[in-house]
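Note: the block below is input-v7.txt and it holds compact mmCIF, C-alpha atoms.
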```
# COMPACT_ATOMS: atom_id res chain seq x y z
CA MET M 189 48.93 51.47 80.90
CA ALA M 190 47.66 51.77 77.33
CA ASN M 191 47.56 48.76 75.02
CA MET M 192 50.45 48.49 72.59
CA ASP M 193 50.66 47.22 69.04
CA GLN M 194 53.04 44.27 69.26
CA SER M 195 54.45 45.01 65.81
CA GLN M 196 55.86 48.35 66.87
CA PRO M 197 59.58 48.61 67.70
CA PHE M 198 59.12 50.56 70.94
CA ASP M 199 56.22 48.50 72.25
CA GLY M 200 56.46 48.40 76.04
CA ILE M 201 59.08 51.19 76.24
CA ARG M 202 58.18 53.91 78.72
CA VAL M 203 59.40 57.45 78.17
CA VAL M 204 59.30 60.48 80.44
CA GLU M 205 59.77 63.78 78.64
CA PHE M 206 61.09 66.80 80.48
CA GLY M 207 61.16 68.94 77.38
CA GLN M 208 59.76 71.94 75.63
CA TYR M 209 59.98 73.73 72.28
CA VAL M 210 61.26 71.35 69.55
CA SER M 211 64.12 68.88 69.90
CA VAL M 212 63.02 66.78 72.88
CA PRO M 213 59.25 66.97 72.20
CA PHE M 214 59.68 65.94 68.56
CA CYS M 215 62.01 63.10 69.54
CA ALA M 216 59.40 61.89 72.04
CA GLN M 217 56.69 62.07 69.37
CA LEU M 218 58.83 59.90 67.06
CA LEU M 219 59.20 57.33 69.83
CA ALA M 220 55.45 57.45 70.48
CA GLU M 221 54.80 56.85 66.78
CA GLY M 222 56.97 53.76 67.13
CA GLY M 223 54.83 52.45 69.99
CA ALA M 224 56.44 53.97 73.10
CA GLU M 225 54.30 55.18 75.96
CA VAL M 226 55.22 58.81 76.63
CA ILE M 227 54.39 60.94 79.64
CA LYS M 228 55.13 64.60 79.00
CA VAL M 229 55.86 66.60 82.13
CA GLU M 230 54.66 70.20 81.70
CA GLN M 231 54.70 73.27 83.89
CA LEU M 232 51.48 73.97 85.75
CA THR M 233 50.30 76.42 83.11
CA GLY M 234 51.25 74.13 80.24
CA ASP M 235 54.05 73.95 77.68
CA PRO M 236 54.93 77.42 76.26
CA THR M 237 53.92 76.31 72.74
CA ARG M 238 50.35 75.84 73.99
CA MET M 239 50.07 79.64 74.08
CA LEU M 240 51.03 80.37 70.44
CA ARG M 241 47.89 81.35 68.44
CA GLN M 242 45.42 79.13 70.28
CA ILE M 243 42.69 77.52 68.21
CA SER M 244 40.89 76.30 71.31
CA PRO M 245 42.08 76.68 74.92
CA LEU M 246 45.73 75.56 75.13
CA VAL M 247 45.59 73.90 71.69
CA THR M 248 47.86 75.31 68.99
CA ARG M 249 49.21 74.13 65.67
CA THR M 250 52.74 74.27 67.06
CA PHE M 251 51.91 72.12 70.08
CA LEU M 252 50.10 69.52 67.98
CA SER M 253 53.03 69.33 65.55
CA ARG M 254 55.34 67.87 68.23
CA ASN M 255 53.22 66.29 70.95
CA ARG M 256 50.92 63.71 69.42
CA GLY M 257 50.54 60.36 71.09
CA LYS M 258 51.56 61.57 74.56
CA ARG M 259 49.92 61.92 77.94
CA SER M 260 50.53 65.07 79.90
CA LEU M 261 51.34 65.54 83.58
CA PRO M 262 51.48 69.10 84.99
CA LEU M 263 54.16 69.31 87.68
CA ALA M 264 55.92 72.07 89.64
CA LEU M 265 59.34 70.53 89.12
CA ARG M 266 61.31 72.91 91.32
CA ASP M 267 59.11 72.45 94.37
CA PRO M 268 60.68 69.89 96.73
CA SER M 269 57.24 68.36 97.26
CA ALA M 270 57.28 67.24 93.62
CA ARG M 271 60.20 64.93 94.35
CA PRO M 272 58.09 61.83 95.14
CA VAL M 273 56.33 62.18 91.78
CA ILE M 274 59.65 62.58 89.95
CA GLU M 275 61.09 59.53 91.72
CA ARG M 276 58.17 57.33 90.72
CA LEU M 277 58.32 58.57 87.14
CA LEU M 278 62.01 57.68 86.97
CA ALA M 279 61.42 54.25 88.48
CA TRP M 280 58.64 53.67 85.92
CA ALA M 281 60.58 54.84 82.88
CA ASP M 282 62.97 53.17 80.45
CA VAL M 283 63.99 56.49 78.89
CA VAL M 284 64.07 60.03 80.19
CA LEU M 285 64.40 62.92 77.71
CA MET M 286 65.58 66.35 78.84
CA ASN M 287 66.50 69.75 77.41
CA PHE M 288 66.82 71.81 80.59
CA ARG M 289 68.73 75.06 80.70
CA PRO M 290 72.35 74.46 81.82
CA GLY M 291 72.55 73.54 85.50
CA LEU M 292 68.84 72.97 86.09
CA ASP M 293 69.13 69.20 85.74
CA LEU M 294 71.69 69.21 88.57
CA GLU M 295 69.43 71.35 90.76
CA LEU M 296 66.58 68.89 90.22
CA GLY M 297 68.69 65.78 90.73
CA LEU M 298 68.08 64.83 87.10
CA ASP M 299 71.64 65.14 85.85
CA PRO M 300 72.74 62.08 83.88
CA SER M 301 75.47 61.08 86.39
CA THR M 302 72.97 60.90 89.24
CA LEU M 303 70.43 59.03 87.13
CA GLU M 304 73.06 56.55 85.91
CA GLU M 305 74.03 55.76 89.49
CA ARG M 306 70.50 55.44 90.87
CA TYR M 307 68.77 53.83 87.90
CA PRO M 308 71.28 51.63 86.05
CA ARG M 309 68.78 50.44 83.43
CA LEU M 310 67.50 53.94 82.68
CA ILE M 311 68.54 55.68 79.48
CA ALA M 312 69.07 59.38 80.23
CA ALA M 313 69.02 61.36 76.97
CA SER M 314 69.66 65.08 76.99
CA VAL M 315 70.02 68.02 74.62
CA THR M 316 72.24 71.02 75.30
CA ALA M 317 72.86 74.07 73.17
CA PHE M 318 76.65 73.82 72.87
CA GLY M 319 77.67 70.52 74.50
CA ASN M 320 78.51 69.55 78.05
CA GLU M 321 82.13 70.72 78.10
CA GLY M 322 84.08 73.83 77.18
CA PRO M 323 83.73 77.55 77.88
CA GLU M 324 80.22 77.80 76.42
CA ALA M 325 78.75 74.74 78.10
CA THR M 326 76.78 76.94 80.50
CA HIS M 327 75.40 79.20 77.78
CA VAL M 328 71.78 79.03 76.75
CA GLY M 329 70.92 78.84 73.07
CA MET M 330 68.10 78.26 70.62
CA ASP M 331 67.98 77.39 66.93
CA THR M 332 68.72 80.80 65.40
CA VAL M 333 71.57 81.54 67.81
CA VAL M 334 73.13 78.13 67.25
CA GLN M 335 72.79 78.42 63.46
CA ALA M 336 74.92 81.55 63.74
CA ARG M 337 77.45 80.09 66.18
CA ALA M 338 78.00 76.83 64.31
CA GLY M 339 78.53 78.28 60.85
CA TYR M 340 75.31 76.87 59.45
CA MET M 341 73.72 80.27 58.86
CA ALA M 342 76.71 81.44 56.84
CA ALA M 343 76.92 78.11 54.99
CA ASN M 344 73.32 78.53 53.86
CA GLY M 345 74.15 81.92 52.41
CA ARG M 346 70.77 83.52 53.11
CA MET M 347 70.92 87.30 53.43
CA VAL M 348 68.24 89.80 54.48
CA ASP M 349 68.99 93.53 54.24
CA GLY M 350 72.67 92.73 53.86
CA ARG M 351 72.83 90.63 57.01
CA PRO M 352 73.04 86.84 57.42
CA ALA M 353 69.68 85.31 58.20
CA PRO M 354 68.49 81.89 59.37
CA GLY M 355 66.19 79.67 57.41
CA GLU M 356 62.61 80.05 58.59
CA PRO M 357 62.07 76.42 59.71
CA VAL M 358 63.96 75.46 62.87
CA SER M 359 66.04 72.94 60.95
CA VAL M 360 68.74 72.57 63.61
CA ASP M 361 66.16 71.67 66.25
CA TYR M 362 64.66 68.98 64.03
CA MET M 363 68.07 67.57 63.08
CA CYS M 364 68.87 67.43 66.80
CA ALA M 365 65.58 65.60 67.47
CA MET M 366 66.39 62.98 64.84
CA SER M 367 69.91 62.54 66.25
CA LEU M 368 68.49 62.16 69.75
CA ALA M 369 65.98 59.56 68.58
CA PHE M 370 68.78 57.61 66.89
CA GLY M 371 70.84 57.80 70.08
CA VAL M 372 67.96 56.54 72.22
CA THR M 373 67.29 53.70 69.80
CA SER M 374 70.98 52.75 69.89
CA ALA M 375 71.01 52.84 73.70
CA LEU M 376 67.94 50.60 73.85
CA LEU M 377 69.64 48.10 71.53
CA ARG M 378 72.76 48.13 73.70
CA ARG M 379 70.65 47.63 76.81
CA GLU M 380 69.13 44.53 75.23
CA ARG M 381 72.66 43.14 74.96
CA THR M 382 74.17 44.36 78.24
CA GLY M 383 71.24 44.96 80.58
CA LEU M 384 72.51 48.48 81.28
CA GLY M 385 71.12 51.84 80.32
CA GLY M 386 73.37 54.86 80.05
CA ARG M 387 73.68 58.37 78.72
CA VAL M 388 72.83 59.84 75.34
CA ASP M 389 74.05 63.38 74.70
CA THR M 390 73.27 65.58 71.73
CA SER M 391 73.63 69.30 71.15
CA LEU M 392 72.14 71.85 68.84
CA MET M 393 75.65 72.90 67.86
CA GLN M 394 76.58 69.39 66.73
CA ALA M 395 73.29 69.11 64.84
CA ALA M 396 73.97 72.39 63.03
CA MET M 397 77.47 71.26 62.14
CA THR M 398 76.07 67.99 60.82
CA LEU M 399 73.76 69.92 58.52
CA ALA M 400 76.78 71.86 57.27
CA ASN M 401 78.74 68.61 56.89
CA ASN M 402 79.87 69.29 53.30
CA GLN M 403 81.54 72.50 54.45
CA LEU M 404 83.21 70.97 57.51
CA ILE M 405 85.86 68.76 56.03
CA ARG M 406 89.35 69.85 55.03
CA SER M 407 92.67 68.46 53.94
CA GLU M 408 95.25 69.44 56.53
CA GLU M 409 97.91 69.43 53.80
CA GLU M 410 96.04 71.35 51.08
CA ASP M 411 93.26 73.30 52.82
CA ALA M 412 94.67 74.27 56.21
CA PRO M 413 97.26 76.79 54.91
CA LEU M 414 94.61 78.41 52.69
CA HIS M 415 92.21 78.56 55.63
CA ASP M 416 94.86 80.33 57.72
CA GLU M 417 95.22 82.97 55.01
CA ILE M 418 91.46 83.41 54.79
CA LEU M 419 91.14 83.79 58.55
CA GLN M 420 93.86 86.44 58.57
CA ARG M 421 92.03 88.39 55.85
CA LEU M 422 88.77 87.97 57.79
CA THR M 423 90.36 89.45 60.91
CA THR M 424 91.58 92.42 58.86
CA GLN M 425 88.16 92.93 57.28
CA ARG M 426 86.40 92.88 60.64
CA ALA M 427 88.87 95.37 62.07
CA ALA M 428 88.04 97.61 59.10
CA ASN M 429 84.27 97.22 59.67
CA LYS M 430 83.69 95.53 56.33
CA SER M 431 80.15 94.24 55.72
CA PHE M 432 79.25 90.59 56.19
CA ALA M 433 78.70 90.28 52.44
CA GLU M 434 82.29 91.43 51.86
CA GLN M 435 83.52 89.00 54.51
CA ALA M 436 81.55 86.15 52.90
CA ARG M 437 83.30 86.70 49.60
CA THR M 438 86.56 85.88 51.37
CA MET M 439 85.39 82.41 52.25
CA SER M 440 86.39 79.28 50.39
CA SER M 441 83.72 76.73 49.52
CA ALA M 442 83.63 72.96 49.27
CA ARG M 443 81.37 73.37 46.25
CA ALA M 444 83.05 73.58 42.88
CA LEU M 445 82.55 76.83 40.96
CA PRO M 446 80.98 75.26 37.86
CA MET M 447 78.56 73.36 40.06
CA VAL M 448 77.12 76.35 41.90
CA ARG M 449 77.17 78.64 38.88
CA VAL M 450 75.54 76.30 36.39
CA TYR M 451 74.80 72.75 37.52
CA LEU M 452 73.55 72.91 41.11
CA ARG M 453 71.17 75.81 41.53
CA THR M 454 67.74 77.29 40.81
CA TYR M 455 66.68 78.91 37.55
CA ASP M 456 63.81 81.19 36.65
CA THR M 457 61.62 79.85 33.86
CA ALA M 458 58.77 81.44 31.93
CA ASP M 459 56.44 81.02 34.91
CA ALA M 460 58.06 79.52 38.03
CA PRO M 461 61.55 78.75 39.34
CA ILE M 462 63.00 75.23 39.16
CA ALA M 463 65.94 73.58 40.90
CA ILE M 464 68.38 71.29 39.14
CA ALA M 465 71.20 69.17 40.57
CA CYS M 466 73.86 67.64 38.34
CA GLY M 467 76.45 66.11 40.63
CA SER M 468 78.21 63.94 38.05
CA ARG M 469 79.74 64.49 34.65
CA THR M 470 77.06 62.26 33.12
CA LEU M 471 74.27 64.43 34.54
CA ARG M 472 76.01 67.64 33.48
CA THR M 473 76.32 66.32 29.93
CA LYS M 474 72.61 65.46 29.86
CA PHE M 475 71.72 68.88 31.25
CA LEU M 476 73.76 70.63 28.56
CA SER M 477 72.11 68.57 25.82
CA VAL M 478 68.61 69.49 27.00
CA VAL M 479 69.43 73.18 27.33
CA GLY M 480 71.34 73.21 24.05
CA VAL M 481 74.56 74.83 25.22
CA GLU M 482 78.17 73.66 25.45
CA ASP M 483 80.67 73.79 28.31
CA SER M 484 84.16 73.83 26.82
CA HIS M 485 85.69 73.54 30.30
CA LEU M 486 83.58 70.56 31.36
CA ASP M 487 86.64 68.30 31.60
CA SER M 488 89.22 70.98 32.16
CA PRO M 489 91.45 70.57 35.25
CA ASP M 490 91.55 74.36 35.67
CA SER M 491 87.78 74.90 35.59
CA GLU M 492 87.90 76.39 39.09
CA ALA M 493 89.92 79.28 37.74
CA GLN M 494 87.42 80.12 35.00
CA SER M 495 85.29 82.56 36.95
CA VAL M 496 84.45 84.90 34.05
CA TYR M 497 83.76 81.96 31.74
CA TYR M 498 81.25 80.40 34.11
CA GLU M 499 79.58 83.74 34.79
CA ASN M 500 78.98 84.05 31.05
CA LEU M 501 77.84 80.45 30.70
CA SER M 502 75.38 80.81 33.58
CA ALA M 503 73.93 83.96 31.99
CA LYS M 504 73.49 82.09 28.72
CA VAL M 505 71.71 79.19 30.42
CA GLU M 506 69.52 81.60 32.37
CA SER M 507 68.31 83.21 29.16
CA VAL M 508 67.48 79.82 27.64
CA MET M 509 65.56 78.76 30.74
CA LEU M 510 63.25 81.74 30.40
CA THR M 511 61.99 80.50 27.04
CA ARG M 512 59.93 77.58 28.44
CA THR M 513 57.65 76.94 31.38
CA ALA M 514 58.66 75.04 34.50
CA ALA M 515 56.42 72.12 33.51
CA ASP M 516 58.08 71.90 30.09
CA TRP M 517 61.57 71.87 31.55
CA ILE M 518 60.61 69.31 34.20
CA VAL M 519 59.37 66.91 31.52
CA ALA M 520 62.49 67.45 29.41
CA PHE M 521 64.93 66.91 32.27
CA ASN M 522 63.04 63.94 33.71
CA ASP M 523 63.09 62.28 30.28
CA VAL M 524 66.91 62.13 30.41
CA GLY M 525 67.19 61.51 34.17
CA VAL M 526 68.37 64.92 35.37
CA PRO M 527 67.14 65.68 38.93
CA VAL M 528 64.72 68.60 38.73
CA ALA M 529 61.78 70.06 40.64
CA GLN M 530 59.71 73.20 40.72
CA VAL M 531 60.29 75.37 43.78
CA ARG M 532 57.17 74.90 45.89
CA PHE M 533 55.68 76.80 48.80
CA PRO M 534 54.86 74.65 51.84
CA ILE M 535 51.15 75.46 51.48
CA GLU M 536 51.14 73.69 48.09
CA LEU M 537 52.05 70.36 49.66
CA PHE M 538 48.76 69.82 51.46
CA LYS M 539 47.14 68.84 48.17
CA ASP M 540 50.29 67.53 46.51
CA GLU M 541 49.76 64.35 44.50
CA GLN M 542 53.16 62.87 45.35
CA ALA M 543 52.83 63.54 49.06
CA SER M 544 49.33 62.05 49.02
CA ALA M 545 50.40 58.94 47.10
CA ASN M 546 53.01 58.17 49.75
CA GLY M 547 50.86 58.95 52.77
CA MET M 548 53.07 61.80 53.92
CA PHE M 549 50.11 63.49 55.62
CA HIS M 550 47.24 62.14 57.67
CA ARG M 551 44.05 63.60 59.09
CA LEU M 552 44.03 64.25 62.84
CA HIS M 553 40.85 64.89 64.79
CA HIS M 554 40.95 67.00 67.92
CA PRO M 555 37.74 66.90 69.98
CA ASP M 556 37.89 70.63 70.79
CA ALA M 557 39.88 72.19 67.94
CA GLY M 558 38.53 70.17 64.99
CA ASP M 559 40.32 68.42 62.14
CA PHE M 560 43.95 68.95 61.17
CA THR M 561 46.15 67.73 58.37
CA VAL M 562 49.49 66.77 59.92
CA LEU M 563 52.66 65.07 58.81
CA SER M 564 52.86 61.30 59.07
CA PRO M 565 55.83 59.63 60.80
CA PRO M 566 58.99 60.34 58.77
CA VAL M 567 60.05 56.68 58.73
CA ARG M 568 58.24 53.52 57.68
CA MET M 569 58.61 49.92 58.83
CA ASN M 570 56.76 46.86 57.67
CA GLY M 571 54.05 45.64 60.00
CA GLU M 572 52.91 49.12 61.04
CA GLY M 573 56.18 49.72 62.87
CA PHE M 574 55.51 53.45 62.96
CA ARG M 575 52.02 54.87 62.82
CA SER M 576 50.32 58.20 63.28
CA ARG M 577 49.15 58.88 66.80
CA SER M 578 46.10 60.66 68.14
CA ALA M 579 45.89 64.22 69.38
CA PRO M 580 46.78 64.79 73.03
CA ARG M 581 43.86 65.03 75.39
CA LYS M 582 42.81 68.27 77.06
CA PHE M 583 45.54 69.65 79.30
CA ALA M 584 45.55 68.31 82.88
CA THR M 585 42.68 65.86 82.35
CA GLU M 586 45.04 62.86 82.66
CA THR M 587 46.71 63.91 85.89
CA ARG M 588 44.76 61.61 88.21
CA GLU M 589 45.00 58.70 85.81
CA ILE M 590 48.80 58.96 85.59
CA LEU M 591 49.33 59.44 89.31
CA ARG M 592 47.10 56.46 90.12
CA GLU M 593 49.21 54.33 87.79
CA LEU M 594 52.27 55.57 89.70
CA SER M 595 50.61 54.15 92.87
CA PHE M 596 49.54 57.41 94.47
CA GLU M 597 46.42 57.19 96.62
CA GLU M 598 43.50 59.54 95.97
CA SER M 599 44.24 61.43 99.18
CA GLU M 600 47.87 61.90 98.12
CA ILE M 601 46.76 63.19 94.73
CA ASP M 602 44.40 65.64 96.43
CA ASP M 603 47.27 66.85 98.61
CA LEU M 604 49.49 67.39 95.56
CA VAL M 605 46.73 69.37 93.86
CA ASP M 606 46.00 71.44 96.98
CA ALA M 607 49.72 72.22 97.36
CA LYS M 608 49.87 73.31 93.71
CA ILE M 609 52.43 70.65 92.90
CA THR M 610 50.22 69.44 90.10
CA HIS M 611 47.03 70.51 88.38
CA VAL M 612 43.82 68.65 87.57
CA GLU M 613 41.05 69.47 85.14
CA GLU M 614 38.10 67.21 85.95
```
Do you think you could lay out the structure here as structure tokens?
Amino acid sequence: MANMDQSQPFDGIRVVEFGQYVSVPFCAQLLAEGGAEVIKVEQLTGDPTRMLRQISPLVTRTFLSRNRGKRSLPLALRDPSARPVIERLLAWADVVLMNFRPGLDLELGLDPSTLEERYPRLIAASVTAFGNEGPEATHVGMDTVVQARAGYMAANGRMVDGRPAPGEPVSVDYMCAMSLAFGVTSALLRRERTGLGGRVDTSLMQAAMTLANNQLIRSEEEDAPLHDEILQRLTTQRAANKSFAEQARTMSSARALPMVRVYLRTYDTADAPIAIACGSRTLRTKFLSVVGVEDSHLDSPDSEAQSVYYENLSAKVESVMLTRTAADWIVAFNDVGVPVAQVRFPIELFKDEQASANGMFHRLHHPDAGDFTVLSPPVRMNGEGFRSRSAPRKFATETREILRELSFEESEIDDLVDAKITHVEE
């Protein structure tokens, strides 16, 4: 197998990825950036993201964003003749990553219980939409659907044409990928101590709820009775066909009124919007001094009840903000230590001085599709613990190489190709 950098944390760790779309592929890419050897099992025609706005045959921006540093093995998973290949992959691997639709892992003999029994040192890590138990365990789901189901869409407060809308990036998928990577890392550490592998389970629903963490805590003494009242009103509103916006106004919030109205929000300036965040009294005092306004309820215990007051104060601050440019305000707030930033479009970050200074991007060369600027690994370790990986090779050109390393003879490989169990591009 490929040479490994001994300074990398996952040096010598072998990963088989049965995944598509985001959560499992991005998790596998993170492990690869930490030195793991990853074999990505794809359908015979390639991962679905290979088809999205191709730059060269089967090469897309989306595929490259989640699949760097891997080798690819096309395989007809559901064909019984693929079983010998699957068995050798499992025997080779330290970690198997899966995000099958509910029930498919059991059909393929890849359910965690079976793997735990047959391969006691193997770490079987899987992603489901809604968890393994409960009435929705068999339901399929993707990021947007789970954002809605888990309350994250409503917590974000984004509305389009009067309806709740998801954020454009698939944030739940990426949170799930990071959780899965943490789980795998933890399981590998435990295996070092016990000699045993085990199961790692994550779900998109849990990831979405984690992102909405600030909203998902309540005092059973103080909050629960209020929540019951709100839920009763919500039921009445829905029965009366009230709009979602009207329903949303019923909801309580973990965020304090003065915070969201004045101290934790975006403001228009003379040229571009900025965001400020004043989470402490000290920061709020500094913010007020820079803007030149007073908050007579800053230390008032009944500030939550001062809705009209804070509406008026926010309008006053908004008018002041319009008198100076974003750059002027950023300098002024930074001088006193108030967190502030201009609202940027993603396209602006490719030539962003701060991102460049910290190596947040790197240049990736693809032999067929050309050069790309891509994100660097999101975590750093001393000694090159995580490093950017190369672009994947052309689809199906590594098939023979991988199968040889799994001890298949050339004649056996030819038989697998002829039977359309796998695919080879010479």
| What's the 10 Å shell around Pro245 in chain M, counting all atoms listed in the file, without same-chain residues fewer than 6 positions away, as a list of chain:residue names? | M:Arg238, M:Met239, M:Asp556, M:Ala557, M:Lys582, M:Phe583
| Contact residues around Tyr451 in chain M with only C-alpha atoms at 6 Å, ignoring same-chain residues under 3 positions, as a PyMOL selection string | chain M and resi 447+465-466
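Interatomic distance, CA of Ser407 in chain M against CA of Ala433 in chain M: 26.0 Å.
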| Atomic separation - CA of Leu294 in chain M relative to CA of Asp267 in chain M, Å | 14.2 Å
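With CA of Asp416 in chain M on one side and CA of Glu321 in chain M on the other, the separation reads 25.9 Å.
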| query | Pick from M:Met548, M:Met509, M:Ala520, M:Ala312: nearest to Lys474 in chain M, with all atoms listed in the file counted? | reply | M:Ala520
| task | Find the residues around Arg449 in chain M up to 8 Å (only C-alpha atoms counted), leave out those fewer than 4 positions away in its own chain, and share them as a ChimeraX atom specification. | result | /M:445,453,498-499,502
| field | Option closest in space to Asn500 in chain M, from M:Val450, M:Leu310, M:Leu392, M:Ala270 [counting all atoms listed in the file] | value | M:Val450
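With only C-alpha atoms as the atoms that count, the residue of M:Ser391, M:Ala369, M:Gln403, M:Leu265 with the shortest distance to Ala325 in chain M is M:Ser391.
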| Could you list as a list of chain:residue names every residue that has an atom within 9 Å of (71.1, 71.9, 34.5), using the file's coordinates and counting all atoms listed in the file? | M:Val450, M:Tyr451, M:Leu452, M:Arg453, M:Thr454, M:Tyr455, M:Ala463, M:Ile464, M:Ala465, M:Cys466, M:Leu471, M:Arg472, M:Thr473, M:Lys474, M:Phe475, M:Leu476, M:Val478, M:Val479, M:Val505, M:Phe521, M:Val526, M:Pro527, M:Val528
Selection export as an mmCIF file, in the frame of the given file, atoms kept: C-alpha atoms:
```cif
data_model
loop_
_atom_site.group_PDB
_atom_site.id
_atom_site.type_symbol
_atom_site.label_atom_id
_atom_site.label_comp_id
_atom_site.auth_asym_id
_atom_site.auth_seq_id
_atom_site.Cartn_x
_atom_site.Cartn_y
_atom_site.Cartn_z
ATOM 1 C CA VAL M 450 75.540 76.300 36.390
ATOM 2 C CA TYR M 451 74.800 72.750 37.520
ATOM 3 C CA LEU M 452 73.550 72.910 41.110
ATOM 4 C CA ARG M 453 71.170 75.810 41.530
ATOM 5 C CA THR M 454 67.740 77.290 40.810
ATOM 6 C CA TYR M 455 66.680 78.910 37.550
ATOM 7 C CA ALA M 463 65.940 73.580 40.900
ATOM 8 C CA ILE M 464 68.380 71.290 39.140
ATOM 9 C CA ALA M 465 71.200 69.170 40.570
ATOM 10 C CA CYS M 466 73.860 67.640 38.340
ATOM 11 C CA LEU M 471 74.270 64.430 34.540
ATOM 12 C CA ARG M 472 76.010 67.640 33.480
ATOM 13 C CA THR M 473 76.320 66.320 29.930
ATOM 14 C CA LYS M 474 72.610 65.460 29.860
ATOM 15 C CA PHE M 475 71.720 68.880 31.250
ATOM 16 C CA LEU M 476 73.760 70.630 28.560
ATOM 17 C CA VAL M 478 68.610 69.490 27.000
ATOM 18 C CA VAL M 479 69.430 73.180 27.330
ATOM 19 C CA VAL M 505 71.710 79.190 30.420
ATOM 20 C CA PHE M 521 64.930 66.910 32.270
ATOM 21 C CA VAL M 526 68.370 64.920 35.370
ATOM 22 C CA PRO M 527 67.140 65.680 38.930
ATOM 23 C CA VAL M 528 64.720 68.600 38.730
#
```
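Closest to Glu589 in chain M among M:Ala607, M:Leu303, M:Met363, M:Leu261 is M:Leu261, based on all atoms listed in the file.
For the choices M:Arg437, M:Asp361, M:Val283, M:Gly339, the atom-to-atom distance to Asn402 in chain M is smallest for M:Gly339 when using all atoms listed in the file.
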| request: Might you pull out every residue within 9 Å of Pro300 in chain M, with only C-alpha atoms counted and same-chain residues fewer than 4 positions away left off, and present them as number ranges by chain? | output: M: 293-294, 304-305, 311-314, 386-388
